[in-house]
Amino acid sequence: MSTTRGVAEAVLDEIVCAGVALDVFHADQARLLLEELDGFLERINQTGMGKRFFANLQLILLRDLILGLSRLYEPYSPRNPGRSLPAAARHIATHAAELRVLDRGSLIEFLTRRGESRQAIEQLSGEQLSVALARHLDTHVPRADSGSARPLDQALTHLKAVRDRAIAHHDRVIHSSLLVPGWAQLVELIHSAREIVALVAQAYLSVSYDLASDASQAASSLQRLLKRAGLAQNPGLGGDDVG
């Protein structure tokens, strides 16, 4: 039994730590770098310093953000299980009897914050708790669905269209006709994925993440660099060439 448990945990570790966590980090890092650049664009456009570089850097970061988010929410497929949030949920559901719950408290807190009865959840065995978590994730994790009324499902539908038609493939399509979701929705997709990664890593693998802090380091470094270059924001100067 211990060998079986070890295999189930090793696969979950591969999905979450070697896959999903990295995509959360990269997507969030790209998002924070874009936000940091936005605060300097006015000054960059006014001075003309590095305008072409920064304009292209924005495009590269946006592509990285779209790719990372698309991978995070890629549906599970038995033909290609992949490393995504749905793949992690499917693995937990399939191997609930084998996976050891190392931190029951974090799972109980997560589920009760989302409307489950604490009294009922606390009575569950480890296997039942894993099934409850997997069921919750399967129901609530956003998915690309053009017929859904949920805003994040719609956001992923648009992201998938951009990824499939303009990034992964070079379809004959006018790029301006492809809708990129609003910034608030992109941020919410990152936050949701980050919370799930931290939960699963802690509860099943005893791995603690501070992905938000890790992702912010590059943006902080960029801020120091741009200020050192004399590109601090000047409210009295204008320009709209970049961004």
# chains A, B, ... in the order shown; residues from 1 in each chain; ligands from 1
>>> closest_atom_pairs(of="region 41-108 of chain A", to="region 22-34 of chain A", cutoff="12 Å", atoms="only C-alpha atoms", output="Markdown table")
| residue | atom | partner | partner_atom | distance |
| --- | --- | --- | --- | --- |
| A:Leu41 | CA | A:Leu34 | CA | 10.3 |
| A:Phe54 | CA | A:Leu34 | CA | 10.0 |
| A:Ala55 | CA | A:Leu34 | CA | 10.6 |
| A:Asn56 | CA | A:Leu34 | CA | 11.6 |
| A:Leu57 | CA | A:Leu34 | CA | 8.8 |
| A:Gln58 | CA | A:Leu34 | CA | 6.4 |
| A:Leu59 | CA | A:Leu34 | CA | 9.5 |
| A:Ile60 | CA | A:Ala30 | CA | 8.9 |
| A:Leu61 | CA | A:Ala30 | CA | 5.2 |
| A:Leu62 | CA | A:Ala30 | CA | 7.0 |
| A:Arg63 | CA | A:Ala30 | CA | 8.9 |
| A:Asp64 | CA | A:Ala30 | CA | 6.6 |
| A:Leu65 | CA | A:Ala27 | CA | 4.6 |
| A:Ile66 | CA | A:Ala27 | CA | 7.6 |
| A:Leu67 | CA | A:Ala27 | CA | 7.9 |
| A:Gly68 | CA | A:Asp23 | CA | 5.1 |
| A:Leu69 | CA | A:Ala27 | CA | 6.3 |
| A:Ser70 | CA | A:Asp23 | CA | 9.3 |
| A:Arg71 | CA | A:Asp23 | CA | 7.2 |
| A:Leu72 | CA | A:Asp23 | CA | 6.4 |
| A:Tyr73 | CA | A:Asp23 | CA | 10.2 |
| A:Glu74 | CA | A:Asp23 | CA | 11.6 |
| A:Arg83 | CA | A:Asp23 | CA | 9.4 |
| A:Ser84 | CA | A:Asp23 | CA | 8.9 |
| A:Leu85 | CA | A:Val24 | CA | 10.4 |
>>> residues_around(residues="Arg143 (chain A)", least_positions_apart="6", cutoff="8 Å", atoms="only C-alpha atoms", output="PyMOL selection string")
chain A and resi 73-75+152-153+156-157
>>> write_last_selection(atoms="N, CA and C atoms", output="compact mmCIF listing (two decimals), in the first residue's frame")
# COMPACT_ATOMS: atom_id res chain seq x y z
N TYR A 73 -5.53 26.02 -17.24
CA TYR A 73 -6.92 25.58 -17.24
C TYR A 73 -7.23 24.61 -18.37
N GLU A 74 -6.19 24.03 -18.96
CA GLU A 74 -6.39 23.07 -20.05
C GLU A 74 -7.19 21.87 -19.53
N PRO A 75 -8.27 21.47 -20.23
CA PRO A 75 -9.08 20.34 -19.75
C PRO A 75 -8.28 19.05 -19.70
N LEU A 152 -15.58 34.10 -15.88
CA LEU A 152 -14.26 33.51 -16.08
C LEU A 152 -14.28 32.41 -17.13
N ASP A 153 -15.40 31.72 -17.29
CA ASP A 153 -15.52 30.75 -18.38
C ASP A 153 -15.47 31.46 -19.73
N LEU A 156 -11.87 32.56 -20.41
CA LEU A 156 -11.03 31.47 -20.91
C LEU A 156 -11.37 31.10 -22.34
N THR A 157 -12.63 31.23 -22.72
CA THR A 157 -13.03 30.98 -24.11
C THR A 157 -12.28 31.93 -25.04
>>> closest_residue(among="A:Asp13, A:Glu127, A:Pro81, A:Ile167", to="Val207 (chain A)", atoms="only C-alpha atoms")
A:Asp13
>>> residues_around(residues="Ser221 (chain A)", least_positions_apart="5", cutoff="12 Å", atoms="only C-alpha atoms", output="ChimeraX atom specification")
/A:29,32-33,36-37,214-216,226-228
>>> write_last_selection(atoms="N, CA and C atoms", output="short mmCIF file (atom, residue, chain, number, x, y, z; two decimals), in the first residue's frame")
data_model
loop_
_atom_site.label_atom_id
_atom_site.label_comp_id
_atom_site.auth_asym_id
_atom_site.auth_seq_id
_atom_site.Cartn_x
_atom_site.Cartn_y
_atom_site.Cartn_z
N GLN A 29 4.15 36.48 -13.08
CA GLN A 29 5.33 37.30 -13.33
C GLN A 29 5.11 38.19 -14.54
N LEU A 32 2.64 40.99 -13.62
CA LEU A 32 3.22 42.03 -12.77
C LEU A 32 4.21 42.90 -13.55
N LEU A 33 4.96 42.29 -14.46
CA LEU A 33 5.87 43.07 -15.30
C LEU A 33 5.11 44.02 -16.20
N GLU A 36 3.92 46.87 -14.09
CA GLU A 36 5.02 47.77 -13.75
C GLU A 36 5.38 48.65 -14.94
N LEU A 37 5.43 48.06 -16.12
CA LEU A 37 5.73 48.84 -17.32
C LEU A 37 4.70 49.93 -17.55
N ASP A 214 7.38 35.35 -5.06
CA ASP A 214 8.36 34.94 -6.07
C ASP A 214 8.12 35.67 -7.39
N ALA A 215 6.84 35.77 -7.79
CA ALA A 215 6.52 36.38 -9.08
C ALA A 215 6.78 37.88 -9.09
N SER A 216 6.75 38.52 -7.92
CA SER A 216 6.90 39.98 -7.85
C SER A 216 8.35 40.43 -7.94
N LEU A 226 14.35 50.90 -14.16
CA LEU A 226 13.79 52.03 -14.90
C LEU A 226 13.97 53.34 -14.15
N LYS A 227 13.87 53.29 -12.83
CA LYS A 227 14.11 54.50 -12.05
C LYS A 227 15.57 54.93 -12.14
N ARG A 228 16.47 53.94 -12.12
CA ARG A 228 17.89 54.25 -12.25
C ARG A 228 18.19 54.87 -13.62
#
>>> atom_distance(atom1="CA of Gly126 (chain A)", atom2="CA of Glu98 (chain A)")
9.5 Å
>>> closest_residue(among="A:Ala8, A:Ile44, A:Leu159, A:Leu129", to="Asp145 (chain A)", atoms="only C-alpha atoms")
A:Leu159
>>> closest_residue(among="A:Ala96, A:Leu12, A:Ser148, A:Ser106", to="Ala132 (chain A)", atoms="only C-alpha atoms")
A:Ala96
>>> select_by_dssp(residues="region 38-115 of chain A", states="alpha helix (DSSP H)", output="ChimeraX atom specification")
/A:38,41-47,51-72,85-94,104-113
>>> write_last_selection(atoms="C-alpha atoms", output="PDB file, in the first residue's frame")
ATOM      1  CA  ASP A  38       2.378  50.569 -17.496  1.00  0.00           C
ATOM      2  CA  LEU A  41       4.954  54.242 -20.369  1.00  0.00           C
ATOM      3  CA  GLU A  42       4.146  57.932 -20.224  1.00  0.00           C
ATOM      4  CA  ARG A  43       7.748  58.824 -19.492  1.00  0.00           C
ATOM      5  CA  ILE A  44       9.123  56.296 -22.006  1.00  0.00           C
ATOM      6  CA  ASN A  45       6.955  57.741 -24.789  1.00  0.00           C
ATOM      7  CA  GLN A  46       7.913  61.305 -23.916  1.00  0.00           C
ATOM      8  CA  THR A  47      11.652  60.673 -23.876  1.00  0.00           C
ATOM      9  CA  LYS A  51      10.173  52.759 -27.075  1.00  0.00           C
ATOM     10  CA  ARG A  52      10.571  49.952 -29.596  1.00  0.00           C
ATOM     11  CA  PHE A  53      12.140  47.660 -27.027  1.00  0.00           C
ATOM     12  CA  PHE A  54       9.405  48.205 -24.469  1.00  0.00           C
ATOM     13  CA  ALA A  55       6.619  47.913 -27.043  1.00  0.00           C
ATOM     14  CA  ASN A  56       7.945  44.524 -28.131  1.00  0.00           C
ATOM     15  CA  LEU A  57       8.559  43.487 -24.534  1.00  0.00           C
ATOM     16  CA  GLN A  58       4.885  44.142 -23.798  1.00  0.00           C
ATOM     17  CA  LEU A  59       3.857  41.851 -26.672  1.00  0.00           C
ATOM     18  CA  ILE A  60       6.201  39.093 -25.478  1.00  0.00           C
ATOM     19  CA  LEU A  61       4.909  39.325 -21.913  1.00  0.00           C
ATOM     20  CA  LEU A  62       1.286  39.291 -23.065  1.00  0.00           C
ATOM     21  CA  ARG A  63       1.930  36.138 -25.100  1.00  0.00           C
ATOM     22  CA  ASP A  64       3.555  34.511 -22.054  1.00  0.00           C
ATOM     23  CA  LEU A  65       0.587  35.502 -19.907  1.00  0.00           C
ATOM     24  CA  ILE A  66      -1.919  34.062 -22.382  1.00  0.00           C
ATOM     25  CA  LEU A  67       0.017  30.828 -22.814  1.00  0.00           C
ATOM     26  CA  GLY A  68       0.489  30.335 -19.088  1.00  0.00           C
ATOM     27  CA  LEU A  69      -3.177  30.886 -18.271  1.00  0.00           C
ATOM     28  CA  SER A  70      -4.305  28.662 -21.138  1.00  0.00           C
ATOM     29  CA  ARG A  71      -2.105  25.814 -19.906  1.00  0.00           C
ATOM     30  CA  LEU A  72      -3.295  26.223 -16.329  1.00  0.00           C
ATOM     31  CA  LEU A  85      -5.666  22.292 -12.662  1.00  0.00           C
ATOM     32  CA  PRO A  86      -8.289  19.943 -14.169  1.00  0.00           C
ATOM     33  CA  ALA A  87      -5.622  17.220 -14.432  1.00  0.00           C
ATOM     34  CA  ALA A  88      -4.760  17.688 -10.749  1.00  0.00           C
ATOM     35  CA  ALA A  89      -8.445  17.498  -9.764  1.00  0.00           C
ATOM     36  CA  ARG A  90      -8.904  14.348 -11.841  1.00  0.00           C
ATOM     37  CA  HIS A  91      -5.851  12.721 -10.266  1.00  0.00           C
ATOM     38  CA  ILE A  92      -7.076  13.516  -6.744  1.00  0.00           C
ATOM     39  CA  ALA A  93     -10.516  12.078  -7.544  1.00  0.00           C
ATOM     40  CA  THR A  94      -9.090   8.940  -9.148  1.00  0.00           C
ATOM     41  CA  ARG A 104      -6.617  18.159   6.836  1.00  0.00           C
ATOM     42  CA  GLY A 105      -7.020  21.630   8.288  1.00  0.00           C
ATOM     43  CA  SER A 106      -6.174  23.433   5.059  1.00  0.00           C
ATOM     44  CA  LEU A 107      -8.698  21.367   3.082  1.00  0.00           C
ATOM     45  CA  ILE A 108     -11.406  21.891   5.704  1.00  0.00           C
ATOM     46  CA  GLU A 109     -10.818  25.652   5.770  1.00  0.00           C
ATOM     47  CA  PHE A 110     -10.846  25.872   1.970  1.00  0.00           C
ATOM     48  CA  LEU A 111     -14.112  23.959   1.601  1.00  0.00           C
ATOM     49  CA  THR A 112     -15.917  25.699   4.471  1.00  0.00           C
ATOM     50  CA  ARG A 113     -14.990  29.123   3.073  1.00  0.00           C
TER      51      ARG A 113
END
>>> closest_residue(among="A:Ala193, A:Val101, A:Leu222, A:Ala21", to="Leu205 (chain A)", atoms="only C-alpha atoms")
A:Val101
>>> residues_around(residues="Gln185 (chain A)", least_positions_apart="3", cutoff="12 Å", atoms="only C-alpha atoms", output="PyMOL selection string")
chain A and resi 31+69+142+150-156+158-159+180-182+188-192
>>> closest_residue(among="A:Leu124, A:Ala201, A:Val131, A:Val141", to="Glu14 (chain A)", atoms="only C-alpha atoms")
A:Ala201
>>> closest_residue(among="A:Leu186, A:Met49, A:Ala144, A:Val162", to="Leu231 (chain A)", atoms="only C-alpha atoms")
A:Met49
>>> atom_distance(atom1="CA of Ile196 (chain A)", atom2="CA of Ala161 (chain A)")
24.6 Å
>>> atom_distance(atom1="CA of Asp210 (chain A)", atom2="CA of Ala18 (chain A)")
15.3 Å
